[in-house]
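Data from model_21.csv: CSV, C-alpha atoms
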chain,number,residue,atom,x,y,z
A,1,GLY,CA,32.3,36.4,-12.4
A,2,ALA,CA,34.6,34.7,-14.9
A,3,VAL,CA,36.6,33.0,-12.2
A,4,ILE,CA,33.5,32.0,-10.1
A,5,PRO,CA,30.5,31.5,-12.5
A,6,GLY,CA,27.3,33.2,-11.2
A,7,CYS,CA,29.3,35.3,-8.7
A,8,ARG,CA,28.5,39.1,-8.8
A,9,PHE,CA,30.2,40.6,-5.8
A,10,LEU,CA,33.0,39.7,-3.4
A,11,TYR,CA,33.4,41.6,-0.1
A,12,LEU,CA,35.8,41.4,2.8
A,13,LEU,CA,34.1,42.9,5.9
A,14,GLY,CA,35.2,43.9,9.3
A,15,ARG,CA,33.3,45.0,12.4
A,16,ARG,CA,34.1,47.8,14.8
A,17,GLU,CA,33.8,47.8,18.5
A,18,ASP,CA,30.6,49.7,18.3
A,19,GLY,CA,29.2,46.8,16.2
A,20,ARG,CA,29.1,48.6,12.9
A,21,VAL,CA,30.2,46.6,9.9
A,22,PHE,CA,32.6,48.1,7.3
A,23,PHE,CA,34.3,47.2,4.1
A,24,TYR,CA,38.0,46.2,4.0
A,25,ALA,CA,37.8,45.6,0.2
A,26,ASP,CA,35.4,44.5,-2.6
A,27,SER,CA,35.7,43.1,-6.0
A,28,GLU,CA,34.6,46.2,-7.9
A,29,SER,CA,37.0,48.2,-9.9
A,30,ILE,CA,38.3,51.5,-8.6
A,31,ASN,CA,35.9,54.4,-9.2
A,32,SER,CA,33.1,52.0,-10.2
A,33,VAL,CA,29.6,53.1,-9.3
A,34,ASP,CA,29.3,49.9,-7.1
A,35,GLU,CA,32.7,50.3,-5.5
A,36,ALA,CA,32.7,50.2,-1.7
A,37,PRO,CA,35.9,52.0,-0.5
A,38,ALA,CA,37.8,50.6,2.4
A,39,GLY,CA,36.4,51.8,5.7
A,40,GLN,CA,32.9,52.5,4.3
A,41,ILE,CA,30.1,51.5,6.6
A,42,TYR,CA,27.9,48.7,5.4
A,43,GLY,CA,24.4,50.1,5.9
A,44,GLU,CA,22.0,47.1,5.8
A,45,VAL,CA,24.0,44.1,6.8
A,46,PRO,CA,22.3,40.8,6.0
A,47,SER,CA,21.4,38.7,9.1
A,48,ASN,CA,23.5,35.7,8.0
A,49,VAL,CA,26.6,38.0,7.8
A,50,LEU,CA,26.0,39.3,11.3
A,51,ASN,CA,25.5,35.6,12.4
A,52,SER,CA,29.0,34.7,11.0
A,53,PHE,CA,30.5,37.6,13.0
A,54,ASP,CA,28.7,36.4,16.2
A,55,THR,CA,29.2,32.6,15.9
A,56,GLY,CA,32.2,32.2,13.7
A,57,THR,CA,30.3,29.8,11.4
A,58,GLU,CA,29.7,29.8,7.7
A,59,SER,CA,26.2,30.8,6.6
A,60,THR,CA,24.1,31.2,3.5
A,61,ALA,CA,21.0,33.3,3.3
A,62,GLU,CA,17.9,32.8,1.2
A,63,PRO,CA,17.7,34.9,-2.0
A,64,VAL,CA,17.6,38.6,-1.4
A,65,VAL,CA,16.0,41.0,-3.9
A,66,ASP,CA,17.4,44.5,-4.4
A,67,GLY,CA,17.5,47.0,-7.3
A,68,GLN,CA,20.2,45.0,-9.1
A,69,GLY,CA,18.7,41.5,-9.0
A,70,ILE,CA,18.2,38.4,-6.9
A,71,TRP,CA,21.2,37.3,-4.8
A,72,ILE,CA,22.3,34.5,-2.5
A,73,ILE,CA,24.6,35.8,0.1
A,74,SER,CA,27.3,33.5,1.5
A,75,ALA,CA,29.5,34.4,4.4
A,76,VAL,CA,32.7,32.7,5.6
A,77,PRO,CA,34.3,34.0,8.9
A,78,ILE,CA,38.1,34.5,9.0
A,79,ILE,CA,39.3,33.6,12.5
A,80,ASP,CA,42.5,34.5,14.3
A,81,GLN,CA,44.2,31.2,15.1
A,82,LYS,CA,45.8,32.6,18.3
A,83,THR,CA,42.8,34.3,19.8
A,84,GLY,CA,39.9,32.3,18.2
A,85,LYS,CA,38.1,35.6,17.4
A,86,VAL,CA,36.5,36.5,14.1
A,87,ILE,CA,38.6,39.3,12.6
A,88,ALA,CA,36.8,39.5,9.2
A,89,VAL,CA,34.0,37.9,7.2
A,90,PHE,CA,34.4,37.1,3.5
A,91,CYS,CA,31.1,37.5,1.6
A,92,MET,CA,30.1,36.4,-1.9
A,93,TYR,CA,27.0,37.5,-3.7
A,94,SER,CA,25.8,34.8,-6.2
A,95,ASP,CA,23.1,35.0,-8.8
A,96,GLY,CA,20.0,33.7,-7.1
A,97,LYS,CA,17.6,33.6,-10.2
A,98,ASN,CA,18.0,29.8,-10.4
A,99,TRP,CA,17.9,29.2,-6.7
A,100,ILE,CA,14.4,27.9,-6.7
A,101,TRP,CA,15.1,25.5,-9.5
A,102,TYR,CA,18.3,24.3,-7.8
A,103,SER,CA,16.3,23.8,-4.6
A,104,VAL,CA,13.5,21.9,-6.3
A,105,ARG,CA,16.0,19.8,-8.2
A,106,ALA,CA,17.8,18.9,-5.0
A,107,ALA,CA,14.6,18.0,-3.3
A,108,ILE,CA,13.1,15.9,-6.2
A,109,VAL,CA,15.0,12.7,-5.5
A,110,PRO,CA,14.3,12.6,-1.7
A,111,VAL,CA,10.6,13.4,-2.4
A,112,LEU,CA,10.4,10.6,-5.0
A,113,ILE,CA,12.1,8.1,-2.8
A,114,THR,CA,9.7,9.1,0.1
A,115,LEU,CA,6.7,8.7,-2.2
A,116,LEU,CA,8.0,5.3,-3.4
A,117,LEU,CA,8.5,4.1,0.2
A,118,ILE,CA,5.0,5.2,1.0
A,119,VAL,CA,3.6,3.3,-1.9
A,120,ILE,CA,5.6,0.2,-1.0
A,121,ILE,CA,4.4,0.4,2.7
A,122,VAL,CA,0.8,0.9,1.7
A,123,ALA,CA,1.0,-1.9,-0.8
A,124,GLY,CA,2.6,-4.2,1.7
A,125,MET,CA,0.0,-3.4,4.3
A,126,TRP,CA,-2.8,-4.1,1.8
A,127,ILE,CA,-1.2,-7.4,0.8
A,128,LEU,CA,-0.8,-8.4,4.5
A,129,SER,CA,-4.4,-7.4,5.2
A,130,ARG,CA,-5.7,-9.4,2.3
A,131,ARG,CA,-3.6,-12.4,3.4
A,132,ALA,CA,-5.0,-12.1,6.9
A,133,VAL,CA,-8.5,-11.9,5.6
A,134,ALA,CA,-7.9,-15.0,3.4
A,135,VAL,CA,-6.4,-16.9,6.3
A,136,ASN,CA,-9.4,-15.9,8.5
A,137,SER,CA,-11.8,-16.9,5.8
A,138,ARG,CA,-10.1,-20.3,5.4
A,139,GLU,CA,-10.2,-20.9,9.1
A,140,GLN,CA,-13.9,-19.9,9.3
A,141,ILE,CA,-14.7,-22.2,6.3
A,142,LYS,CA,-12.8,-25.0,8.0
A,143,ILE,CA,-14.7,-24.5,11.3
A,144,LEU,CA,-18.0,-24.3,9.5
A,145,ASN,CA,-17.3,-27.5,7.6
A,146,GLU,CA,-16.3,-29.3,10.8
A,147,ARG,CA,-19.5,-28.2,12.4
A,148,PHE,CA,-21.6,-29.1,9.4
A,149,THR,CA,-20.0,-32.6,9.3
A,150,MET,CA,-20.7,-33.1,13.0
A,151,ALA,CA,-24.3,-32.0,12.6
A,152,THR,CA,-25.0,-34.3,9.6
A,153,GLU,CA,-23.3,-37.3,11.2
A,154,SER,CA,-25.2,-36.8,14.4
A,155,ALA,CA,-28.5,-36.5,12.5
A,156,ARG,CA,-27.6,-39.3,10.0
A,157,ILE,CA,-28.1,-36.8,7.2
A,158,GLY,CA,-26.6,-37.4,3.7
A,159,VAL,CA,-25.4,-34.6,1.5
A,160,TRP,CA,-25.6,-34.7,-2.3
A,161,ASP,CA,-25.1,-32.3,-5.2
A,162,LEU,CA,-26.5,-32.6,-8.7
A,163,ASP,CA,-25.0,-31.0,-11.8
A,164,THR,CA,-28.0,-31.0,-14.1
A,165,VAL,CA,-26.0,-29.8,-17.1
A,166,ARG,CA,-23.5,-32.7,-17.0
A,167,ASP,CA,-25.7,-35.1,-15.2
A,168,ILE,CA,-23.2,-35.6,-12.4
A,169,LEU,CA,-24.4,-36.6,-9.0
A,170,VAL,CA,-22.0,-36.3,-6.1
A,171,TRP,CA,-22.6,-38.1,-2.7
A,172,ASP,CA,-20.9,-37.8,0.6
A,173,ASP,CA,-20.1,-41.0,2.6
A,174,ARG,CA,-23.4,-40.9,4.5
A,175,MET,CA,-25.4,-41.2,1.3
A,176,TYR,CA,-23.7,-44.5,0.4
A,177,SER,CA,-24.5,-45.8,3.8
A,178,LEU,CA,-28.2,-44.7,3.4
A,179,TYR,CA,-28.5,-46.5,0.1
A,180,GLY,CA,-26.6,-49.6,1.3
A,181,ILE,CA,-24.0,-49.5,-1.5
A,182,ASN,CA,-20.2,-48.9,-1.8
A,183,ARG,CA,-18.6,-45.9,-3.4
A,184,ASP,CA,-17.2,-48.1,-6.2
A,185,ASP,CA,-20.7,-49.3,-7.1
A,186,PHE,CA,-22.1,-45.8,-7.7
A,187,SER,CA,-21.7,-44.4,-11.2
A,188,GLY,CA,-22.4,-40.8,-10.2
A,189,THR,CA,-25.5,-40.2,-12.4
A,190,CYS,CA,-29.2,-39.8,-11.8
A,191,ASP,CA,-29.7,-43.2,-13.3
A,192,ALA,CA,-27.6,-44.7,-10.5
A,193,TRP,CA,-29.8,-42.9,-7.9
A,194,GLU,CA,-33.0,-44.1,-9.6
A,195,LYS,CA,-31.8,-47.7,-9.5
A,196,GLY,CA,-31.7,-47.5,-5.7
A,197,LEU,CA,-35.3,-46.4,-5.4
A,198,HIS,CA,-38.1,-48.7,-4.5
A,199,PRO,CA,-40.1,-49.5,-7.7
A,200,ASP,CA,-43.4,-48.3,-6.2
A,201,ASP,CA,-41.8,-44.9,-5.3
A,202,LEU,CA,-39.7,-44.4,-8.4
A,203,LYS,CA,-42.2,-42.5,-10.6
A,204,ARG,CA,-43.3,-40.1,-7.8
A,205,ALA,CA,-39.7,-39.4,-6.7
A,206,LYS,CA,-38.5,-38.6,-10.2
A,207,GLU,CA,-41.5,-36.3,-10.8
A,208,GLU,CA,-40.9,-34.4,-7.6
A,209,LEU,CA,-37.2,-34.0,-8.5
A,210,LYS,CA,-38.2,-32.6,-11.9
A,211,GLN,CA,-40.6,-30.1,-10.2
A,212,ALA,CA,-37.8,-29.0,-7.9
A,213,LEU,CA,-35.4,-28.5,-10.8
A,214,ARG,CA,-38.0,-26.4,-12.6
A,215,GLY,CA,-38.4,-24.3,-9.4
A,216,GLU,CA,-42.0,-25.3,-8.8
A,217,LYS,CA,-41.4,-26.7,-5.3
A,218,ASP,CA,-38.7,-27.7,-2.9
A,219,PHE,CA,-37.4,-31.3,-3.1
A,220,ASP,CA,-38.9,-32.1,0.3
A,221,THR,CA,-40.2,-35.6,0.1
A,222,GLU,CA,-40.1,-39.1,1.5
A,223,PHE,CA,-39.5,-42.3,-0.4
A,224,ARG,CA,-38.2,-45.8,0.0
A,225,VAL,CA,-34.9,-47.2,-1.1
A,226,LEU,CA,-34.2,-50.8,-1.9
A,227,TRP,CA,-30.8,-52.1,-0.8
A,228,PRO,CA,-29.0,-54.7,-2.9
A,229,ASP,CA,-29.7,-57.3,-0.2
A,230,GLY,CA,-33.4,-56.6,-0.3
A,231,VAL,CA,-33.7,-54.4,2.8
A,232,VAL,CA,-36.1,-51.5,2.4
A,233,ARG,CA,-35.3,-48.2,4.1
A,234,TYR,CA,-37.3,-45.0,4.2
A,235,ILE,CA,-35.5,-41.7,3.4
A,236,LYS,CA,-36.8,-38.2,3.9

Encoding of this model in structure tokens:
Amino acid sequence: GAVIPGCRFLYLLGRREDGRVFFYADSESINSVDEAPAGQIYGEVPSNVLNSFDTGTESTAEPVVDGQGIWIISAVPIIDQKTGKVIAVFCMYSDGKNWIWYSVRAAIVPVLITLLLIVIIVAGMWILSRRAVAVNSREQIKILNERFTMATESARIGVWDLDTVRDILVWDDRMYSLYGINRDDFSGTCDAWEKGLHPDDLKRAKEELKQALRGEKDFDTEFRVLWPDGVVRYIK
């Protein structure tokens, strides 16, 4: 135990032709209660020890519990270099009380790495899916805008937007054409719109717009506009 920390027993085992395993020697002192004299048959041989005899390979068994504690049994075959046969097996009984902790500690890093990879993969898939949705949304918006533009141009419909808080009126190109003015001549306010109305329709159109802004009715009306060159056009 002092030479190999955690080691309790060292055995050198052999196997007879009838398959029974016996002790060549052990690490216990002579006349010790736990001494296994040379030639003594090993009653309950651990399966990994028998496996080392059969295959000529090293092996370690999971913890074994007996009356003296919890042990990890390691077996190393000793092979005759001339014949290639196993002539003995060297066994070491190590303290297995900390075996579970060692196993868990050894597994922690791989488990954490695996979890991290899973998180990275899931996050990557989520980002890619969101990007795909965003791209699809942009494509759909683009298509809808193109269709809307085609529809309004075909029907000679103007599109406008009014910010009532800041008194900002935004027109599309068709609106300028409908009112017979250039973009540079439009100040972008309600006053600019009112200046384009026919004087006889101005009061009614303004009142209908106010009613629409108050939510009393839709702004579905018809009025005349007066172009700068005197031409009168009807707008609905």

Within 12 Å of A:Lys236 using all atoms listed in the file, minus same-chain residues under 3 positions, as a PDB file with C-alpha atoms, in the frame of the given file:
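Produced file out.pdb, reproduced below:
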ATOM      1  CA  ARG A 156     -27.600 -39.300  10.000  1.00  0.00           C
ATOM      2  CA  ILE A 157     -28.100 -36.800   7.200  1.00  0.00           C
ATOM      3  CA  GLY A 158     -26.600 -37.400   3.700  1.00  0.00           C
ATOM      4  CA  LEU A 178     -28.200 -44.700   3.400  1.00  0.00           C
ATOM      5  CA  ALA A 205     -39.700 -39.400  -6.700  1.00  0.00           C
ATOM      6  CA  PHE A 219     -37.400 -31.300  -3.100  1.00  0.00           C
ATOM      7  CA  ASP A 220     -38.900 -32.100   0.300  1.00  0.00           C
ATOM      8  CA  THR A 221     -40.200 -35.600   0.100  1.00  0.00           C
ATOM      9  CA  GLU A 222     -40.100 -39.100   1.500  1.00  0.00           C
ATOM     10  CA  PHE A 223     -39.500 -42.300  -0.400  1.00  0.00           C
ATOM     11  CA  ARG A 224     -38.200 -45.800   0.000  1.00  0.00           C
ATOM     12  CA  VAL A 225     -34.900 -47.200  -1.100  1.00  0.00           C
ATOM     13  CA  ARG A 233     -35.300 -48.200   4.100  1.00  0.00           C
TER      14      ARG A 233
END

Requested in this report: For atom CA of A:Ala212 and atom CA of A:Tyr179, quote the distance in Å rounded to one decimal.
Outcome: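 Computing it gives 21.4 Å between the two atoms.
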
Query - Non-local contacts of A:Leu12 (12 Å; all atoms listed in the file; under 5 positions in same chain excluded) as a ChimeraX atom specification - result: /A:21-28,36-40,42,49,74-78,87-93

Would you export the selected residues with C-alpha atoms as a compact mmCIF listing (two decimals), keeping the file's coordinate frame, please?
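Result file is selection.txt:
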# COMPACT_ATOMS: atom_id res chain seq x y z
CA VAL A 21 30.20 46.60 9.90
CA PHE A 22 32.60 48.10 7.30
CA PHE A 23 34.30 47.20 4.10
CA TYR A 24 38.00 46.20 4.00
CA ALA A 25 37.80 45.60 0.20
CA ASP A 26 35.40 44.50 -2.60
CA SER A 27 35.70 43.10 -6.00
CA GLU A 28 34.60 46.20 -7.90
CA ALA A 36 32.70 50.20 -1.70
CA PRO A 37 35.90 52.00 -0.50
CA ALA A 38 37.80 50.60 2.40
CA GLY A 39 36.40 51.80 5.70
CA GLN A 40 32.90 52.50 4.30
CA TYR A 42 27.90 48.70 5.40
CA VAL A 49 26.60 38.00 7.80
CA SER A 74 27.30 33.50 1.50
CA ALA A 75 29.50 34.40 4.40
CA VAL A 76 32.70 32.70 5.60
CA PRO A 77 34.30 34.00 8.90
CA ILE A 78 38.10 34.50 9.00
CA ILE A 87 38.60 39.30 12.60
CA ALA A 88 36.80 39.50 9.20
CA VAL A 89 34.00 37.90 7.20
CA PHE A 90 34.40 37.10 3.50
CA CYS A 91 31.10 37.50 1.60
CA MET A 92 30.10 36.40 -1.90
CA TYR A 93 27.00 37.50 -3.70

Query raised in the report: Which protein, DNA or RNA residues are at most 10 Å from (-29.0, -39.5, -8.6) in the file's coordinates when you count all atoms listed in the file, listed as a PyMOL selection string?
Result: chain A and resi 160-163+167-171+186-197+206+209

Query raised in the report: What is the distance between atom CA of A:Gly69 and atom CA of A:Gly56, in Å to one decimal?
Result: 28.0 Å

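Between atom CA of A:Asp201 and atom CA of A:Val165 there is a distance of 24.8 Å.
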
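With only C-alpha atoms as the atoms that count, the residue of A:Phe9, A:Tyr234, A:Phe53, A:Trp227 with the shortest distance to A:Tyr176 is A:Trp227.
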
Query raised in the report: Can you tell me, as a ChimeraX atom specification, what residues are no more than 8 Å from A:Ile73 when counting all atoms listed in the file, ignoring any on the same chain fewer than 4 positions away?
Result: /A:48,60-64,91-94

Report task. Could you tell me which of A:Ile141, A:Val133, A:Gly14, A:Asp34 comes closest to A:Ile79 if we count all atoms listed in the file? Result -> A:Gly14
